[in-house]
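Below: the structure, in structure tokens.
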Amino acid sequence: MKIQIFGKKKCFDTKKAERYFKERRIPFQSVDLLRYGMSRGEYESVKRAVGGMEPLIDTHSKAYEELYIAHLAYRSDVEEKLLENPALFRTPVVRNGREATVGFCPEVWETWS
């Protein structure tokens, strides 16, 4: 199992996800989304795993309002903004190979082995 946790340092759910894996002694790689972002390949893999781009977007973030994401007409424009501005991601994004979750989902993580 190769776990990657994409999150924000001040995100409570990201800290809970890291604690979940630490308590079970499951090694993971933590990636600060705001500092390093997510590559296009990682984004495409996560998008396929979670069923599209919509679950990845944090509609309650300041960046969502400041960048007028709700008013963009094309999905490709929204995806470009998402990759350019990692603050738009809902966190944590937890990857295990081709599987991924968005948010705190211990019930799904238990099935990964």
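Starting from 1 in every chain, residues are counted up; chains themselves are A, B, ... following the order of the structure tokens, and ligands are numbered from 1 as listed.
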Next on the checklist: Would you pick out the contacts of region 78-83 of chain A at 10 Å or less, using only C-alpha atoms, so that residues sharing its chain but fewer than 6 positions from it are not included, and give the list as a PyMOL selection string?
Outcome noted: chain A and resi 37-40+43+53-54+56-58+63-64+67-72+89
Could you write those residues out with N, CA, C and O atoms, as an mmCIF file, in the first residue's frame?
data_model
loop_
_atom_site.group_PDB
_atom_site.id
_atom_site.type_symbol
_atom_site.label_atom_id
_atom_site.label_comp_id
_atom_site.auth_asym_id
_atom_site.auth_seq_id
_atom_site.Cartn_x
_atom_site.Cartn_y
_atom_site.Cartn_z
ATOM 1 N N GLY A 37 1.255 21.709 -4.923
ATOM 2 C CA GLY A 37 0.188 21.483 -5.884
ATOM 3 C C GLY A 37 0.060 20.015 -6.251
ATOM 4 O O GLY A 37 0.556 19.130 -5.569
ATOM 5 N N MET A 38 -0.613 19.769 -7.360
ATOM 6 C CA MET A 38 -0.838 18.413 -7.853
ATOM 7 C C MET A 38 -0.531 18.418 -9.340
ATOM 8 O O MET A 38 -0.987 19.309 -10.058
ATOM 9 N N SER A 39 0.220 17.438 -9.799
ATOM 10 C CA SER A 39 0.562 17.388 -11.224
ATOM 11 C C SER A 39 -0.678 17.010 -12.030
ATOM 12 O O SER A 39 -1.652 16.481 -11.486
ATOM 13 N N ARG A 40 -0.640 17.266 -13.318
ATOM 14 C CA ARG A 40 -1.778 16.929 -14.180
ATOM 15 C C ARG A 40 -2.056 15.429 -14.151
ATOM 16 O O ARG A 40 -3.202 14.993 -14.101
ATOM 17 N N TYR A 43 -3.685 14.549 -10.902
ATOM 18 C CA TYR A 43 -5.047 15.081 -10.941
ATOM 19 C C TYR A 43 -5.966 14.176 -11.765
ATOM 20 O O TYR A 43 -7.071 13.843 -11.329
ATOM 21 N N MET A 53 -14.549 15.852 -11.641
ATOM 22 C CA MET A 53 -13.873 17.004 -11.054
ATOM 23 C C MET A 53 -14.672 17.628 -9.911
ATOM 24 O O MET A 53 -14.093 18.200 -8.991
ATOM 25 N N GLU A 54 -15.986 17.521 -9.933
ATOM 26 C CA GLU A 54 -16.842 18.208 -8.965
ATOM 27 C C GLU A 54 -16.528 17.871 -7.506
ATOM 28 O O GLU A 54 -16.490 18.769 -6.661
ATOM 29 N N LEU A 56 -13.788 17.265 -6.186
ATOM 30 C CA LEU A 56 -12.483 17.810 -5.822
ATOM 31 C C LEU A 56 -12.514 19.302 -5.499
ATOM 32 O O LEU A 56 -11.588 19.829 -4.905
ATOM 33 N N ILE A 57 -13.568 19.987 -5.896
ATOM 34 C CA ILE A 57 -13.616 21.443 -5.744
ATOM 35 C C ILE A 57 -14.272 21.829 -4.421
ATOM 36 O O ILE A 57 -15.374 21.388 -4.103
ATOM 37 N N ASP A 58 -13.578 22.675 -3.666
ATOM 38 C CA ASP A 58 -14.103 23.184 -2.402
ATOM 39 C C ASP A 58 -14.919 24.444 -2.694
ATOM 40 O O ASP A 58 -14.377 25.534 -2.846
ATOM 41 N N ALA A 63 -10.963 31.106 -2.318
ATOM 42 C CA ALA A 63 -10.458 31.095 -3.695
ATOM 43 C C ALA A 63 -11.581 30.830 -4.693
ATOM 44 O O ALA A 63 -11.593 31.389 -5.786
ATOM 45 N N TYR A 64 -12.548 29.993 -4.322
ATOM 46 C CA TYR A 64 -13.678 29.683 -5.201
ATOM 47 C C TYR A 64 -14.460 30.952 -5.534
ATOM 48 O O TYR A 64 -14.841 31.180 -6.680
ATOM 49 N N LEU A 67 -12.087 33.707 -7.518
ATOM 50 C CA LEU A 67 -11.781 33.376 -8.916
ATOM 51 C C LEU A 67 -13.035 33.188 -9.773
ATOM 52 O O LEU A 67 -12.928 32.846 -10.948
ATOM 53 N N TYR A 68 -14.206 33.376 -9.172
ATOM 54 C CA TYR A 68 -15.480 33.268 -9.893
ATOM 55 C C TYR A 68 -15.628 31.936 -10.618
ATOM 56 O O TYR A 68 -16.065 31.879 -11.770
ATOM 57 N N ILE A 69 -15.267 30.868 -9.953
ATOM 58 C CA ILE A 69 -15.309 29.533 -10.552
ATOM 59 C C ILE A 69 -16.734 29.154 -10.963
ATOM 60 O O ILE A 69 -16.944 28.545 -11.998
ATOM 61 N N ALA A 70 -17.711 29.534 -10.178
ATOM 62 C CA ALA A 70 -19.105 29.184 -10.478
ATOM 63 C C ALA A 70 -19.580 29.814 -11.780
ATOM 64 O O ALA A 70 -20.533 29.338 -12.395
ATOM 65 N N HIS A 71 -18.895 30.867 -12.231
ATOM 66 C CA HIS A 71 -19.335 31.585 -13.425
ATOM 67 C C HIS A 71 -18.568 31.197 -14.691
ATOM 68 O O HIS A 71 -18.830 31.762 -15.747
ATOM 69 N N LEU A 72 -17.619 30.259 -14.574
ATOM 70 C CA LEU A 72 -16.872 29.826 -15.758
ATOM 71 C C LEU A 72 -17.741 28.897 -16.600
ATOM 72 O O LEU A 72 -18.400 28.002 -16.079
ATOM 73 N N PHE A 89 -8.836 22.976 -4.032
ATOM 74 C CA PHE A 89 -9.075 21.565 -3.760
ATOM 75 C C PHE A 89 -9.717 21.360 -2.400
ATOM 76 O O PHE A 89 -9.362 22.014 -1.426
#
Checklist entry - Would you give me, as number ranges by chain, the residues in chain A that DSSP reads as alpha helix (DSSP H)? => result A: 12-23, 33-36, 40-50, 62-66, 75-84, 106-109
Checklist entry - Using only C-alpha atoms, which residue out of A:Phe6, A:Trp112, A:Tyr74, A:Phe12 lies closest to Leu34 (chain A)? => result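 Closest to Leu34 (chain A) of all the choices is A:Phe6.
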Checklist outcome for this item: One residue among A:Glu66, A:Glu110, A:Glu84, A:Glu44 is nearest to Arg24 (chain A) when using only C-alpha atoms, and that residue is A:Glu110
Item to check | Spatial neighbours of region 46-48 of chain A, 9 Å, only C-alpha atoms, chain gap at least 4 places, as a VMD selection string | outcome: chain A and resid 41 to 42 52 to 56 93 to 95 98 to 102
Generate a file of the selected residues that holds all heavy atoms, formatted as a compact mmCIF listing (two decimals), in the first residue's frame.
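This is the output file out.txt:
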# COMPACT_ATOMS: atom_id res chain seq x y z
N GLY A 41 -1.00 14.61 -14.16
CA GLY A 41 -1.17 13.15 -14.12
C GLY A 41 -1.83 12.69 -12.83
O GLY A 41 -2.73 11.84 -12.85
N GLU A 42 -1.38 13.25 -11.71
CA GLU A 42 -1.98 12.91 -10.42
C GLU A 42 -3.45 13.36 -10.39
O GLU A 42 -4.32 12.62 -9.93
CB GLU A 42 -1.22 13.59 -9.27
CG GLU A 42 0.15 13.02 -9.05
CD GLU A 42 1.01 13.88 -8.13
OE1 GLU A 42 0.80 15.12 -8.08
OE2 GLU A 42 1.89 13.30 -7.48
N GLY A 52 -15.01 12.25 -11.24
CA GLY A 52 -15.11 13.55 -11.89
C GLY A 52 -14.44 14.66 -11.09
O GLY A 52 -13.86 14.43 -10.02
N MET A 53 -14.55 15.85 -11.64
CA MET A 53 -13.87 17.00 -11.05
C MET A 53 -14.67 17.63 -9.91
O MET A 53 -14.09 18.20 -8.99
CB MET A 53 -13.63 18.00 -12.19
CG MET A 53 -13.62 19.44 -11.83
SD MET A 53 -13.36 20.50 -13.22
CE MET A 53 -14.96 20.47 -14.00
N GLU A 54 -15.99 17.52 -9.93
CA GLU A 54 -16.84 18.21 -8.96
C GLU A 54 -16.53 17.87 -7.51
O GLU A 54 -16.49 18.77 -6.66
CB GLU A 54 -18.32 17.94 -9.27
CG GLU A 54 -18.83 18.65 -10.51
CD GLU A 54 -18.41 17.96 -11.81
OE1 GLU A 54 -18.01 16.77 -11.77
OE2 GLU A 54 -18.44 18.61 -12.86
N PRO A 55 -16.29 16.58 -7.15
CA PRO A 55 -15.99 16.29 -5.74
C PRO A 55 -14.67 16.91 -5.27
O PRO A 55 -14.46 17.06 -4.07
CB PRO A 55 -15.90 14.76 -5.69
CG PRO A 55 -16.55 14.28 -6.93
CD PRO A 55 -16.44 15.36 -7.93
N LEU A 56 -13.79 17.26 -6.19
CA LEU A 56 -12.48 17.81 -5.82
C LEU A 56 -12.51 19.30 -5.50
O LEU A 56 -11.59 19.83 -4.91
CB LEU A 56 -11.48 17.58 -6.96
CG LEU A 56 -11.10 16.12 -7.22
CD1 LEU A 56 -10.32 16.01 -8.51
CD2 LEU A 56 -10.30 15.58 -6.05
N VAL A 93 -7.03 14.84 -0.02
CA VAL A 93 -7.16 13.91 -1.14
C VAL A 93 -6.19 12.78 -0.81
O VAL A 93 -4.99 12.99 -0.71
CB VAL A 93 -6.78 14.57 -2.48
CG1 VAL A 93 -6.83 13.56 -3.60
CG2 VAL A 93 -7.69 15.76 -2.77
N VAL A 94 -6.73 11.59 -0.59
CA VAL A 94 -5.92 10.44 -0.20
C VAL A 94 -5.88 9.45 -1.35
O VAL A 94 -6.93 9.00 -1.82
CB VAL A 94 -6.48 9.76 1.07
CG1 VAL A 94 -5.60 8.59 1.49
CG2 VAL A 94 -6.60 10.77 2.20
N ARG A 95 -4.66 9.13 -1.80
CA ARG A 95 -4.48 8.21 -2.92
C ARG A 95 -3.82 6.92 -2.45
O ARG A 95 -2.93 6.94 -1.63
CB ARG A 95 -3.54 8.81 -3.97
CG ARG A 95 -4.18 9.71 -4.94
CD ARG A 95 -3.18 10.19 -5.97
NE ARG A 95 -2.74 9.09 -6.81
CZ ARG A 95 -1.68 9.15 -7.60
NH1 ARG A 95 -0.94 10.22 -7.64
NH2 ARG A 95 -1.33 8.12 -8.33
N ARG A 98 -4.38 3.49 -7.76
CA ARG A 98 -5.43 4.04 -8.63
C ARG A 98 -6.70 4.40 -7.87
O ARG A 98 -7.64 4.92 -8.45
CB ARG A 98 -5.77 3.03 -9.73
CG ARG A 98 -4.64 2.81 -10.69
CD ARG A 98 -4.99 1.75 -11.69
NE ARG A 98 -3.83 1.39 -12.47
CZ ARG A 98 -3.70 1.64 -13.76
NH1 ARG A 98 -4.66 2.25 -14.41
NH2 ARG A 98 -2.62 1.27 -14.40
N GLU A 99 -6.73 4.10 -6.59
CA GLU A 99 -7.88 4.44 -5.77
C GLU A 99 -7.64 5.78 -5.09
O GLU A 99 -6.50 6.14 -4.81
CB GLU A 99 -8.10 3.37 -4.70
CG GLU A 99 -8.37 1.99 -5.26
CD GLU A 99 -8.42 0.96 -4.16
OE1 GLU A 99 -7.35 0.69 -3.56
OE2 GLU A 99 -9.52 0.45 -3.90
N ALA A 100 -8.71 6.51 -4.83
CA ALA A 100 -8.58 7.81 -4.15
C ALA A 100 -9.88 8.18 -3.46
O ALA A 100 -10.96 7.70 -3.83
CB ALA A 100 -8.20 8.88 -5.16
N THR A 101 -9.74 9.03 -2.44
CA THR A 101 -10.90 9.58 -1.75
C THR A 101 -10.67 11.07 -1.55
O THR A 101 -9.54 11.54 -1.56
CB THR A 101 -11.11 8.93 -0.36
OG1 THR A 101 -9.96 9.18 0.45
CG2 THR A 101 -11.38 7.45 -0.46
N VAL A 102 -11.76 11.79 -1.36
CA VAL A 102 -11.70 13.21 -1.05
C VAL A 102 -12.43 13.40 0.27
O VAL A 102 -13.56 12.96 0.43
CB VAL A 102 -12.37 14.06 -2.16
CG1 VAL A 102 -12.32 15.54 -1.80
CG2 VAL A 102 -11.73 13.81 -3.50
Next on the checklist: Could you tell me how far CA of Tyr20 (chain A) sits from CA of Ala87 (chain A), in Å to one decimal place?
Outcome noted: 23.1 Å
Checklist entry - Could you pull out all residues of chain A with a DSSP call of strand (DSSP E) and give them as number ranges by chain? => result A: 3-7, 28-32, 93-96, 99-102
Please write the residues from the selection above to a file, keeping C-alpha atoms, as an mmCIF file, in the first residue's frame.
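Produced file again_14.cif, reproduced below:
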data_model
loop_
_atom_site.group_PDB
_atom_site.id
_atom_site.type_symbol
_atom_site.label_atom_id
_atom_site.label_comp_id
_atom_site.auth_asym_id
_atom_site.auth_seq_id
_atom_site.Cartn_x
_atom_site.Cartn_y
_atom_site.Cartn_z
ATOM 1 C CA ILE A 3 -0.621 6.108 0.522
ATOM 2 C CA GLN A 4 -0.317 9.749 -0.513
ATOM 3 C CA ILE A 5 -2.158 12.448 1.412
ATOM 4 C CA PHE A 6 -2.576 15.751 -0.419
ATOM 5 C CA GLY A 7 -3.662 18.352 2.099
ATOM 6 C CA PHE A 28 2.188 7.494 3.943
ATOM 7 C CA GLN A 29 3.604 10.416 2.011
ATOM 8 C CA SER A 30 2.214 13.800 2.969
ATOM 9 C CA VAL A 31 2.085 16.475 0.231
ATOM 10 C CA ASP A 32 1.351 20.121 1.046
ATOM 11 C CA VAL A 93 -7.159 13.915 -1.139
ATOM 12 C CA VAL A 94 -5.917 10.437 -0.197
ATOM 13 C CA ARG A 95 -4.476 8.207 -2.923
ATOM 14 C CA ASN A 96 -3.636 4.534 -2.854
ATOM 15 C CA GLU A 99 -7.885 4.441 -5.768
ATOM 16 C CA ALA A 100 -8.579 7.807 -4.153
ATOM 17 C CA THR A 101 -10.896 9.579 -1.748
ATOM 18 C CA VAL A 102 -11.699 13.213 -1.052
#
Next on the checklist: What does the structure give for the distance between CA of Arg25 (chain A) and CA of Pro86 (chain A), in Å to one decimal?
Outcome noted: 28.4 Å
Next on the checklist: List as a PyMOL selection string the protein and nucleic acid residues near Pro27 (chain A), meaning an atom at most 10 Å away when only C-alpha atoms are counted, but skip any in the same chain fewer than 5 places from it.
Outcome noted: chain A and resi 1-4+18+21-22
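Put simply, CA of Lys16 (chain A) is 13.5 Å away from CA of Glu107 (chain A).
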Next on the checklist: Just checking: using only C-alpha atoms, which residue out of A:Val50, A:Leu88, A:Ala17, A:Cys11 ends up closest to Pro106 (chain A)?
Outcome noted: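 Closest residue, counting only C-alpha atoms: A:Ala17.
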